[in-house]
Amino acid sequence: MTRLVKISKFLSYHLRHRPDLLGLELSPGGWVEVNRLLQAAKKHNFSISSLELQQVVEQNDKQRFSFNERGNLIRANQGHSVRVDLQLKPVTPPDVLYHGTYSKAIASIKKQGLKKMSRHHVHLSSDINTAQRVGARRGYPVIFQIDALAMSKAGYIFYCSDNGVWLTEEIPVKYLQVH
Ligand code: HQG
C-alpha cells in the first residue's frame, strides 16, 4: 500500500466513522480544522505533513476529501456513518442511476429494496463502470438499475456529493431492476 493510500484510509476512517478516536468532532458539513486534524493525528502516532494532506486531497482516486475555499477545513465528501448534517442540497438526478452490489445480496435487495445500511445514504452512480467497481469490492458484482426519474417525480430526494456520488435515503423495490 502506498503512503498516500495509507493516509487516505486513515482519513476515511476518522472523518467518516470515528472522529472521536482522535478527540475530534465534525462540524455541520462534516468539516474539521486542518490544523487540529494534523495535531491529533501526530498525537496518535500517525504524523501527516501539510504537503501529504494536500496530495491526498488532490490526487485521491475517488476525490474522497475536500478542503473548504480558505483551505483551513477538510471533510470527507461522502460515506459517513457518524451522525453529521452534511448540508447537501437536493438535486434532480439523471433519469437512470446504478448501484453495484454483490450476488449474495440480491435476494434480500429484491425483497426489501436498497437500504442505506450503516451509512447515511444509499450510494449510486450515473455510470455503470463505477457501480461495477463498487460491487466487486464484496464479491461477484451485480448491478441494479434505478428508475431515478420515476422516484424524483414521486418526491424522493437525491443529493450529489462533491465527488459525484449520488445519494438518497432508500430505493423501494418497484424502482429497481437487475441491469
Ligand atoms: C448492500 C465505497 C442486503 C449494498 C464505494 C452494499 C461506494 C443490501 C452493502 C461507497 C441491502 C452496504 C458505498 C439489502 C443494500 N439487503 N444488502 N436490503 N441494501 N445492501 O459499503 O454502496 O471507497 O455501506 O448493496 O465505492 O457498497 O469508501 O455501501 O453492498 O461509493 O470511498 O449493503 O463506499 O467508497 O455497503 O459502498 P456499503 P456501498 P469508498
# chains A, B, ... in the order shown; residues from 1 in each chain; ligands from 1
>>> residues_near_ligand(ligand="ligand 1", cutoff="6 Å", atoms="only C-alpha atoms and all ligand atoms", output="list of chain:residue names")
A:Arg64, A:Gly79, A:Thr101, A:Ala105, A:Ser108, A:Ile109, A:Gln112, A:Gly113, A:Leu114, A:Lys115, A:Met117, A:Ser118, A:Arg119, A:His123, A:Val134
>>> residues_around(residues="Thr168 in chain A", least_positions_apart="6", cutoff="7 Å", atoms="only C-alpha atoms", output="list in words")
His121, Val122, Ile157, Phe158 and Tyr159 of chain A
>>> residues_around(residues="Asp147 in chain A", least_positions_apart="4", cutoff="9 Å", atoms="only C-alpha atoms", output="ChimeraX atom specification")
/A:95-97,151-152,174-177
>>> residues_around(residues="range 50-56 of chain A", least_positions_apart="5", cutoff="12 Å", atoms="only C-alpha atoms", output="count of residues only")
32
>>> residues_around(residues="Lys89 in chain A", least_positions_apart="3", cutoff="12 Å", atoms="only C-alpha atoms", output="number ranges by chain")
A: 29, 85-86, 92-93, 157-162, 166-168
>>> atom_distance(atom1="CA of Ser49 in chain A", atom2="CA of Pro28 in chain A")
25.2 Å
>>> select_by_dssp(residues="range 8-174 of chain A", states="helix (DSSP H, G or I)", output="number ranges by chain")
A: 8-17, 19-22, 34-43, 50-59, 103-112, 128-136, 148-153, 173-174
>>> decode(residues="range 100-128 of chain A", atoms="N, CA, C and O atoms", output="short mmCIF file (atom, residue, chain, number, x, y, z; two decimals), in the first residue's frame")
data_model
loop_
_atom_site.label_atom_id
_atom_site.label_comp_id
_atom_site.auth_asym_id
_atom_site.auth_seq_id
_atom_site.Cartn_x
_atom_site.Cartn_y
_atom_site.Cartn_z
N GLY A 100 -24.00 -0.75 -7.53
CA GLY A 100 -23.24 -2.00 -7.62
C GLY A 100 -23.31 -2.74 -6.31
O GLY A 100 -23.07 -2.16 -5.25
N THR A 101 -23.68 -4.02 -6.38
CA THR A 101 -23.67 -4.83 -5.18
C THR A 101 -23.08 -6.19 -5.55
O THR A 101 -22.42 -6.31 -6.58
N TYR A 102 -23.29 -7.19 -4.71
CA TYR A 102 -22.67 -8.50 -4.95
C TYR A 102 -23.76 -9.56 -4.91
O TYR A 102 -24.83 -9.37 -4.33
N SER A 103 -23.46 -10.71 -5.52
CA SER A 103 -24.51 -11.69 -5.78
C SER A 103 -25.26 -12.13 -4.52
O SER A 103 -26.47 -12.31 -4.55
N LYS A 104 -24.55 -12.23 -3.39
CA LYS A 104 -25.21 -12.74 -2.18
C LYS A 104 -26.28 -11.78 -1.64
O LYS A 104 -27.13 -12.20 -0.86
N ALA A 105 -26.21 -10.51 -2.03
CA ALA A 105 -27.17 -9.54 -1.50
C ALA A 105 -28.45 -9.45 -2.35
O ALA A 105 -29.44 -8.84 -1.94
N ILE A 106 -28.44 -10.09 -3.53
CA ILE A 106 -29.54 -9.87 -4.48
C ILE A 106 -30.91 -10.23 -3.90
O ILE A 106 -31.86 -9.44 -3.98
N ALA A 107 -31.01 -11.41 -3.29
CA ALA A 107 -32.32 -11.87 -2.82
C ALA A 107 -32.90 -10.89 -1.82
O ALA A 107 -34.07 -10.50 -1.90
N SER A 108 -32.06 -10.47 -0.88
CA SER A 108 -32.51 -9.54 0.16
C SER A 108 -32.91 -8.18 -0.45
O SER A 108 -33.92 -7.58 -0.07
N ILE A 109 -32.13 -7.70 -1.41
CA ILE A 109 -32.42 -6.41 -2.04
C ILE A 109 -33.73 -6.48 -2.84
O ILE A 109 -34.55 -5.55 -2.80
N LYS A 110 -33.96 -7.61 -3.50
CA LYS A 110 -35.20 -7.75 -4.27
C LYS A 110 -36.41 -7.77 -3.35
O LYS A 110 -37.51 -7.42 -3.75
N LYS A 111 -36.20 -8.21 -2.13
CA LYS A 111 -37.30 -8.26 -1.17
C LYS A 111 -37.51 -6.91 -0.46
O LYS A 111 -38.62 -6.42 -0.35
N GLN A 112 -36.40 -6.29 -0.02
CA GLN A 112 -36.50 -5.09 0.83
C GLN A 112 -36.22 -3.79 0.11
O GLN A 112 -36.40 -2.72 0.69
N GLY A 113 -35.69 -3.87 -1.10
CA GLY A 113 -35.18 -2.67 -1.75
C GLY A 113 -33.78 -2.38 -1.24
O GLY A 113 -33.24 -3.15 -0.44
N LEU A 114 -33.20 -1.27 -1.71
CA LEU A 114 -31.85 -0.90 -1.26
C LEU A 114 -31.95 -0.06 0.00
O LEU A 114 -32.67 0.94 0.04
N LYS A 115 -31.24 -0.47 1.02
CA LYS A 115 -31.21 0.24 2.30
C LYS A 115 -29.85 0.90 2.47
O LYS A 115 -28.85 0.43 1.93
N LYS A 116 -29.81 1.93 3.33
CA LYS A 116 -28.54 2.64 3.50
C LYS A 116 -27.57 1.89 4.41
O LYS A 116 -26.41 2.26 4.52
N MET A 117 -28.04 0.83 5.04
CA MET A 117 -27.22 0.02 5.94
C MET A 117 -26.56 0.93 6.98
O MET A 117 -27.26 1.73 7.57
N SER A 118 -25.23 0.86 7.17
CA SER A 118 -24.65 1.66 8.27
C SER A 118 -24.32 3.09 7.85
O SER A 118 -23.89 3.90 8.65
N ARG A 119 -24.51 3.42 6.57
CA ARG A 119 -24.15 4.78 6.13
C ARG A 119 -25.38 5.70 6.18
O ARG A 119 -26.46 5.29 6.53
N HIS A 120 -25.15 6.97 5.77
CA HIS A 120 -26.26 7.94 5.80
C HIS A 120 -27.20 7.76 4.62
O HIS A 120 -28.33 8.20 4.66
N HIS A 121 -26.67 7.22 3.53
CA HIS A 121 -27.45 7.14 2.29
C HIS A 121 -27.12 5.87 1.53
O HIS A 121 -26.07 5.27 1.74
N VAL A 122 -28.00 5.53 0.60
CA VAL A 122 -27.66 4.54 -0.42
C VAL A 122 -26.75 5.26 -1.43
O VAL A 122 -27.04 6.41 -1.80
N HIS A 123 -25.67 4.60 -1.85
CA HIS A 123 -24.72 5.22 -2.78
C HIS A 123 -24.98 4.73 -4.21
O HIS A 123 -25.07 3.53 -4.45
N LEU A 124 -25.07 5.69 -5.13
CA LEU A 124 -25.42 5.38 -6.51
C LEU A 124 -24.46 6.09 -7.45
O LEU A 124 -23.81 7.07 -7.06
N SER A 125 -24.39 5.61 -8.69
CA SER A 125 -23.55 6.30 -9.66
C SER A 125 -24.32 6.50 -10.95
O SER A 125 -25.28 5.77 -11.24
N SER A 126 -23.87 7.48 -11.74
CA SER A 126 -24.53 7.73 -13.01
C SER A 126 -23.94 6.85 -14.10
O SER A 126 -24.47 6.79 -15.19
N ASP A 127 -22.83 6.17 -13.82
CA ASP A 127 -22.22 5.29 -14.83
C ASP A 127 -22.11 3.86 -14.33
O ASP A 127 -21.97 3.60 -13.13
N ILE A 128 -22.15 2.94 -15.29
CA ILE A 128 -22.15 1.52 -14.96
C ILE A 128 -20.79 1.06 -14.43
O ILE A 128 -20.72 0.24 -13.52
#
